Amino acid sequence: MKVSDVVEALGLQVAAGEAQLSREVLGGYCGDLLSDVMARAKPKDVWITIQGHQNIVAVAVLTEISGVIVCGNVEPEKDTLDRADREGIPILRTSMTAFGVAGRLAALL
Amino acid sequence: MASEPTARVLTLSFQVEGQNFRASGEAAGRIKRALEQVGLDWSIIRRAAVVIYEAEMNIVIHARRGVLSAEITPDQVVIVADDEGPGIPDIALAMTEGYSTASAEVREMGFGAGMGLPNITKHSDEMRIETEVGKGTRVTAVIRVGACGDGSRAVSDCSQGSRG
């Protein structure tokens, strides 16, 4: 499954990293503590979070995840989106809760 | 602590500014790319990435400034975070998972969960803290190439391996 498939199935808004939507998705990780995500997320996961500041991009790059779903209608900072575009990390927005996103993603995978 | 010096040594060093959350993670990203270019095994890069990121964030969160460096040889990756900052009054307490002195503001960003130093310990083969209250802290972590599954404390990470 590709990031673009997740975008379509869950009706996500692509806020940044549009050029990288063909990345493969193998799993997901849900969390807002960056150290926890650093230690546990796997490459090609999609990361579900309510954090919208630009450090999520650094964590995404270092963990080699395929994209970040910022949920709960959180508006990612402009710096986050600029950095994500530079680093090629898809940032996807939704009004769904983390629980809702995780449930639907789990059903897809 | 170090093994015999080898002919091939790559040293990278970056200044890290305290409280600058905008630039945080950049030094870690650059060191990770260097590890990839050197061609180290994915599991070693993965462990090093966690250690480097946590070491960098410790400087950003707690110190005024510091230097993050990585010495890469065919045998090991040595990561040193040397900062000018408050120091650690009680290392045992600081090593306790969940304990943190980070501010509420920093915690809201998802930092300061008291996982930084424990994460460094878990993902390295050797870790040392030298600190002086009011002066600063130096954290040294060693990741041995090929040590995974053989005395490594990050065996679980080894078994996860790379996907695909």
# chains A, B, ... in the order shown; residues from 1 in each chain; ligands from 1
$ residues_around --residues "Arg22 (chain B)" --least-positions-apart "5" --cutoff "9 Å" --atoms "only C-alpha atoms" --output "mmCIF file with C-alpha atoms, in the first residue's frame"
data_model
loop_
_atom_site.group_PDB
_atom_site.id
_atom_site.type_symbol
_atom_site.label_atom_id
_atom_site.label_comp_id
_atom_site.auth_asym_id
_atom_site.auth_seq_id
_atom_site.Cartn_x
_atom_site.Cartn_y
_atom_site.Cartn_z
ATOM 1 C CA HIS A 53 5.649 21.418 15.329
ATOM 2 C CA GLN A 54 8.599 20.931 13.060
ATOM 3 C CA ASN A 55 10.417 18.409 15.230
ATOM 4 C CA ASP A 79 7.816 25.806 9.392
#
$ select_by_dssp --residues "chain A" --states "strand (DSSP E)" --output "compact mmCIF listing (two decimals) with N, CA and C atoms, in the first residue's frame"
# COMPACT_ATOMS: atom_id res chain seq x y z
N GLN A 13 -6.12 15.30 4.12
CA GLN A 13 -5.66 16.47 3.38
C GLN A 13 -4.13 16.43 3.32
N VAL A 14 -3.59 16.55 2.14
CA VAL A 14 -2.13 16.55 1.99
C VAL A 14 -1.62 17.96 2.23
N ALA A 15 -0.92 18.15 3.37
CA ALA A 15 -0.45 19.49 3.74
C ALA A 15 0.99 19.74 3.28
N ALA A 16 1.75 18.68 3.10
CA ALA A 16 3.15 18.82 2.65
C ALA A 16 3.64 17.48 2.13
N GLY A 27 2.97 -0.28 8.00
CA GLY A 27 2.39 -0.34 9.33
C GLY A 27 2.10 1.05 9.85
N GLY A 28 1.81 1.14 11.12
CA GLY A 28 1.51 2.44 11.71
C GLY A 28 2.01 2.51 13.14
N TYR A 29 2.22 3.73 13.58
CA TYR A 29 2.57 3.94 14.98
C TYR A 29 1.85 5.18 15.48
N CYS A 30 1.34 5.10 16.69
CA CYS A 30 0.53 6.15 17.24
C CYS A 30 1.21 6.69 18.49
N ASP A 45 6.41 2.84 8.49
CA ASP A 45 5.19 3.08 9.26
C ASP A 45 4.61 4.42 8.85
N VAL A 46 3.32 4.59 9.10
CA VAL A 46 2.72 5.92 9.10
C VAL A 46 2.57 6.31 10.57
N TRP A 47 2.97 7.52 10.90
CA TRP A 47 2.95 7.97 12.29
C TRP A 47 1.72 8.84 12.51
N ILE A 48 0.93 8.46 13.49
CA ILE A 48 -0.30 9.19 13.82
C ILE A 48 -0.05 9.99 15.09
N THR A 49 -0.26 11.31 15.02
CA THR A 49 0.07 12.16 16.18
C THR A 49 -0.79 13.41 16.20
N GLY A 67 5.18 8.65 6.37
CA GLY A 67 4.42 9.88 6.42
C GLY A 67 3.87 10.11 7.81
N VAL A 68 3.38 11.33 8.04
CA VAL A 68 2.83 11.69 9.35
C VAL A 68 1.38 12.10 9.17
N ILE A 69 0.49 11.50 9.94
CA ILE A 69 -0.91 11.94 9.95
C ILE A 69 -1.12 12.78 11.20
N VAL A 70 -1.34 14.07 10.99
CA VAL A 70 -1.60 14.99 12.10
C VAL A 70 -3.11 15.05 12.28
N ILE A 91 3.00 15.17 5.05
CA ILE A 91 2.26 15.55 6.26
C ILE A 91 0.78 15.57 5.86
N LEU A 92 -0.01 14.76 6.54
CA LEU A 92 -1.41 14.58 6.16
C LEU A 92 -2.29 15.01 7.33
N ARG A 93 -3.31 15.79 7.02
CA ARG A 93 -4.18 16.33 8.08
C ARG A 93 -5.54 15.66 8.05
$ select_by_dssp --residues "region 118-148 of chain B" --states "alpha helix (DSSP H)" --output "compact mmCIF listing (two decimals) with N, CA and C atoms, in the first residue's frame"
# COMPACT_ATOMS: atom_id res chain seq x y z
N PRO B 118 17.49 6.90 29.20
CA PRO B 118 17.22 5.45 29.08
C PRO B 118 17.26 4.96 27.63
N ASN B 119 16.78 5.78 26.70
CA ASN B 119 16.84 5.39 25.28
C ASN B 119 18.29 5.27 24.81
N ILE B 120 19.13 6.19 25.26
CA ILE B 120 20.55 6.13 24.87
C ILE B 120 21.17 4.85 25.42
N THR B 121 20.86 4.54 26.66
CA THR B 121 21.41 3.32 27.28
C THR B 121 20.95 2.08 26.52
N LYS B 122 19.67 2.01 26.22
CA LYS B 122 19.11 0.82 25.57
C LYS B 122 19.68 0.59 24.18
N HIS B 123 19.99 1.67 23.48
CA HIS B 123 20.39 1.53 22.09
C HIS B 123 21.90 1.60 21.88
$ interface_residues --of "chain B" --to "chain A" --cutoff "7 Å" --atoms "only C-alpha atoms" --output "compact mmCIF listing (two decimals) with N, CA and C atoms, in the first residue's frame"
# COMPACT_ATOMS: atom_id res chain seq x y z
N ARG B 22 13.85 24.87 16.70
CA ARG B 22 13.64 24.94 15.25
C ARG B 22 14.70 24.14 14.49
N SER B 24 16.51 21.74 15.91
CA SER B 24 16.81 20.47 16.57
C SER B 24 16.53 19.28 15.65
N GLY B 25 17.40 18.31 15.75
CA GLY B 25 17.29 17.12 14.93
C GLY B 25 18.10 17.19 13.65
N GLU B 26 18.57 18.41 13.32
CA GLU B 26 19.32 18.55 12.06
C GLU B 26 20.69 17.89 12.15
N GLY B 29 20.26 14.25 11.90
CA GLY B 29 19.97 13.85 10.53
C GLY B 29 21.22 13.79 9.67
N ALA B 49 20.89 6.32 15.30
CA ALA B 49 19.97 7.44 15.08
C ALA B 49 19.23 7.80 16.36
N VAL B 50 18.79 6.78 17.08
CA VAL B 50 18.10 7.03 18.36
C VAL B 50 19.04 7.72 19.34
N MET B 109 5.43 19.71 23.81
CA MET B 109 5.90 19.42 22.46
C MET B 109 6.23 17.94 22.29
N GLY B 110 6.07 17.18 23.36
CA GLY B 110 6.34 15.75 23.25
C GLY B 110 7.75 15.37 23.65
N PHE B 111 8.46 16.36 24.25
CA PHE B 111 9.80 16.06 24.79
C PHE B 111 9.67 15.90 26.30
N ALA B 113 9.92 13.41 28.34
CA ALA B 113 9.14 12.29 28.87
C ALA B 113 10.00 11.41 29.78
N MET B 115 12.64 9.82 28.86
CA MET B 115 13.04 8.64 28.09
C MET B 115 14.38 8.81 27.39
N GLY B 116 14.93 10.03 27.44
CA GLY B 116 16.13 10.32 26.66
C GLY B 116 17.33 9.48 27.06
$ atom_distance --atom1 "CA of Ala23 (chain B)" --atom2 "CA of Asp82 (chain A)"
12.9 Å
$ closest_residue --among "A:Leu109, A:Ala19, A:Ile65, A:Val25" --to "Gly88 (chain A)" --atoms "only C-alpha atoms"
A:Ala19
$ closest_residue --among "B:Thr131, B:Thr11, B:Ser100, B:Thr137" --to "Ser69 (chain B)" --atoms "only C-alpha atoms"
B:Thr11
$ atom_distance --atom1 "CA of Gly18 (chain B)" --atom2 "CA of Val77 (chain B)"
24.2 Å
$ residues_around --residues "Met96 (chain A)" --least-positions-apart "4" --cutoff "7 Å" --atoms "only C-alpha atoms" --output "JSON list (two decimals) with N, CA and C atoms, in the first residue's frame"
[["chain", "number", "residue", "atom", "x", "y", "z"],
["A", 71, "CYS", "N", -3.58, 14.53, 13.41],
["A", 71, "CYS", "CA", -5.03, 14.37, 13.55],
["A", 71, "CYS", "C", -5.63, 15.38, 14.52],
["A", 72, "GLY", "N", -6.92, 15.24, 14.77],
["A", 72, "GLY", "CA", -7.62, 16.12, 15.69],
["A", 72, "GLY", "C", -7.72, 17.55, 15.19],
["A", 100, "GLY", "N", -9.55, 7.07, 15.84],
["A", 100, "GLY", "CA", -10.28, 6.83, 14.60],
["A", 100, "GLY", "C", -9.35, 6.52, 13.44],
["A", 101, "VAL", "N", -8.26, 7.29, 13.34],
["A", 101, "VAL", "CA", -7.30, 7.08, 12.26],
["A", 101, "VAL", "C", -6.66, 5.70, 12.40]]
$ residues_around --residues "Gly66 (chain B)" --least-positions-apart "6" --cutoff "10 Å" --atoms "only C-alpha atoms" --output "PyMOL selection string"
chain B and resi 14-18+56+58-60+81-85+136-138
$ atom_distance --atom1 "CA of Pro86 (chain B)" --atom2 "CA of Ala28 (chain B)"
22.4 Å
$ closest_residue --among "B:Leu10, B:Ile129, B:Ala27, B:Val145" --to "Ile45 (chain B)" --atoms "only C-alpha atoms"
B:Val145
$ residues_around --residues "Val78 (chain B)" --least-positions-apart "4" --cutoff "9 Å" --atoms "only C-alpha atoms" --output "list in words"
Ala2, Ser69, Ala70, Glu71, Ile72, Thr73, Thr140, Ala141, Val142, Ile143 and Arg144 of chain B
